[in-house]
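Undergrad: Right, I'll just put the structure down here and ask away after.
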Amino acid sequence: MGAELKEAILKPGGWTMGVGGFGEILPYQDNRMTLDYDNLDGWGLPTVTFDAEIRDNEFKMREDIVVQAAEMLKKAGARDINTHNSSYNIGHGIHEMGTARMGRDPKTSVLNGHNQVHEVPNVYVTDGAFMASSSCVNPSLTYMAFSARAANHAVEELKKGNI
Amino acid sequence: MDRRKALMQIGMSMGYVVAAPTFMSVLQSCTDTKAAAWAPQFLDQDQGTVLIGVIDSILPKTDTLSASEVNVHVFLDSFANEVMPPNQQDQFKATLDQLAVNALESSKKENISDLTAKDIAPEMLKALIHKKAKGVPFAKKLRDLTIWGYKCTEYVGEQVLAYDSIPGQWIACGDLDELTGGKAWSI
């Protein structure tokens, strides 16, 4: 405290910068999402159980991200570079996809090409569930585009009296 | 984790940051506020006197104005009144009361109204440095809030720190002394 503190707070302090990597989690076919009727939520509906994990490809990708990021920083002239590879749980990235994937065959997919449920034509699912995976960029704009497209399809189907 | 709760907390902390300059701009419109004539809204008069001593011992007058000269005490009083949760309000008052007791004892003065920043500074320093200092749980927070309030003032923001009314120019690599005279940027 005092004059020294006052001088210090008016000067810029030290600074750091960080680089983080995003990568695709491959759409493993044996990943599962099941409904748990023994554990109901507050509205009496079954809770969801996800059975998925990151695997060899993702672990190797993470190691490579660390190496590449450090190299980029080094070539950009950074000093005192520290790297770390923290643990990951499915769901951490918030951009997880899947559980109701899109496809032509009702036996192997939940939604058709218009985000419409194969078996229940008046239901459209337009969140990330229809994509089995995504690239390493934020998928929100893609959801919006697909939602607009699905809504347009729903309106046309309504006009035709199909739903 | 409760996502909604987490977002709310982020919002609240952002609110603190956004609210401060607004508070200060209101306070600065009444520049005639003299310490002596100041009637605190939240604190009592004695606590107000101690608060002025505390903030001026943290940020005294040098070649720039002291904390009380830019009304940081007025800001902290209304901030405590309108923003602080009850437990912090209690700690804030208790800390000022304890500092008053300590300063009276060491200065041999009888009235809190006679205490000055010089009397309070050593007691505030003890409260900050000694981990086991008793009855002053808000000392560190008070120092942080004082610094924050001071840096949020128009005076510090525009006349003391490096200030650009229309920011946006990006200079990737430059000498700090040439760019800002060695000063930090205004928030």
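By order of appearance in the structure tokens: chains A, B, ..., then residues from 1 within every chain, and ligands from 1 in the order shown.
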Show me, as JSON, numbers by chain, the residues that have an atom within 9 Å of segment 89-100 of chain A when counting only C-alpha atoms, minus same-chain residues fewer than 3 positions from it.
TA: {"A": [22, 25, 27, 31, 32, 33, 50, 52, 53, 54, 109, 110, 111, 117, 125, 127, 128, 129, 130, 131, 132, 133, 134, 138, 139, 140]}
Undergrad: Kindly export the residues of the current selection with C-alpha atoms, as a CSV table (one decimal), in the first residue's frame.
TA:
chain,number,residue,atom,x,y,z
A,22,PHE,CA,-9.9,-28.2,-31.0
A,25,ILE,CA,-14.0,-36.8,-32.2
A,27,PRO,CA,-18.3,-40.9,-35.0
A,31,ASN,CA,-21.3,-45.2,-29.2
A,32,ARG,CA,-24.7,-45.4,-27.5
A,33,MET,CA,-27.3,-43.3,-25.9
A,50,PHE,CA,-24.4,-41.9,-22.7
A,52,ALA,CA,-19.0,-43.0,-25.3
A,53,GLU,CA,-15.3,-42.2,-24.9
A,54,ILE,CA,-12.4,-40.7,-26.7
A,109,SER,CA,-30.5,-43.6,-38.8
A,110,VAL,CA,-33.2,-41.7,-36.9
A,111,LEU,CA,-33.6,-38.6,-39.2
A,117,VAL,CA,-37.8,-38.3,-37.9
A,125,VAL,CA,-34.8,-32.5,-34.7
A,127,ASP,CA,-29.9,-29.5,-32.7
A,128,GLY,CA,-26.5,-31.3,-32.9
A,129,ALA,CA,-28.1,-34.7,-32.6
A,130,PHE,CA,-28.4,-35.2,-36.3
A,131,MET,CA,-24.7,-34.8,-37.0
A,132,ALA,CA,-22.6,-37.8,-36.1
A,133,SER,CA,-19.5,-35.6,-35.8
A,134,SER,CA,-18.3,-32.1,-36.7
A,138,ASN,CA,-18.1,-24.0,-33.7
A,139,PRO,CA,-21.2,-25.8,-35.2
A,140,SER,CA,-23.9,-23.3,-34.1
Undergrad: Which neighbours of Ser78 of chain B fall inside 9 Å, counting only C-alpha atoms, when residues of the same chain fewer than 5 positions from it are skipped, and could you give them as a tab-separated table (two decimals) with N, CA and C atoms, in the first residue's frame?
TA:
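Writing the result to result-v7.tsv gives the following:
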chain	number	residue	atom	x	y	z
B	23	PHE	N	-21.44	4.16	-11.69
B	23	PHE	CA	-21.48	4.71	-10.33
B	23	PHE	C	-20.60	5.95	-10.24
B	40	PRO	N	-22.26	9.64	4.83
B	40	PRO	CA	-22.37	8.32	4.21
B	40	PRO	C	-23.81	7.81	4.22
B	41	GLN	N	-24.12	6.99	3.21
B	41	GLN	CA	-25.47	6.40	3.15
B	41	GLN	C	-25.52	5.10	3.92
B	42	PHE	N	-24.46	4.33	3.81
B	42	PHE	CA	-24.44	2.99	4.37
B	42	PHE	C	-23.69	2.95	5.70
B	73	HIS	N	-14.20	6.92	-1.56
B	73	HIS	CA	-14.96	6.57	-0.35
B	73	HIS	C	-16.46	6.67	-0.60
B	83	VAL	N	-24.76	-2.99	-3.74
B	83	VAL	CA	-24.30	-4.18	-4.46
B	83	VAL	C	-23.83	-5.31	-3.55
Undergrad: Using Å and a single decimal, report how far atom CA of Ala184 of chain B sits from atom CA of Ala127 of chain B.
TA: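 These atoms are spaced 28.3 Å apart.
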Undergrad: Find the residues in chain A near chain B: any atom within 8 Å counts, using only C-alpha atoms. Write them as number ranges by chain.
TA: A: 1-3, 5-6, 9-12
Undergrad: Take atom CA of Met72 of chain A and atom CA of Phe59 of chain A and report the distance between them in Å, one decimal.
TA: 20.2 Å
Undergrad: Counting only C-alpha atoms, which residue out of B:Leu179, B:Leu142, B:Val70, B:Leu115 sits closest to Gln89 of chain B?
TA: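 Using only C-alpha atoms, Gln89 of chain B sits closest to B:Leu142.
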Undergrad: With only C-alpha atoms as the basis for distance, which of A:Arg101, A:Arg62, A:Lys107, A:Lys160 is at the shortest distance from Asn85 of chain A?
TA: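 The answer is A:Arg62, which sits nearest to Asn85 of chain A.
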Undergrad: So, counting only C-alpha atoms, which residue among B:Pro122, B:Gly53, B:Pro85, B:Gly149 is closest to Val72 of chain B?
TA: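 Distance minimum relative to Val72 of chain B lands on B:Gly149.
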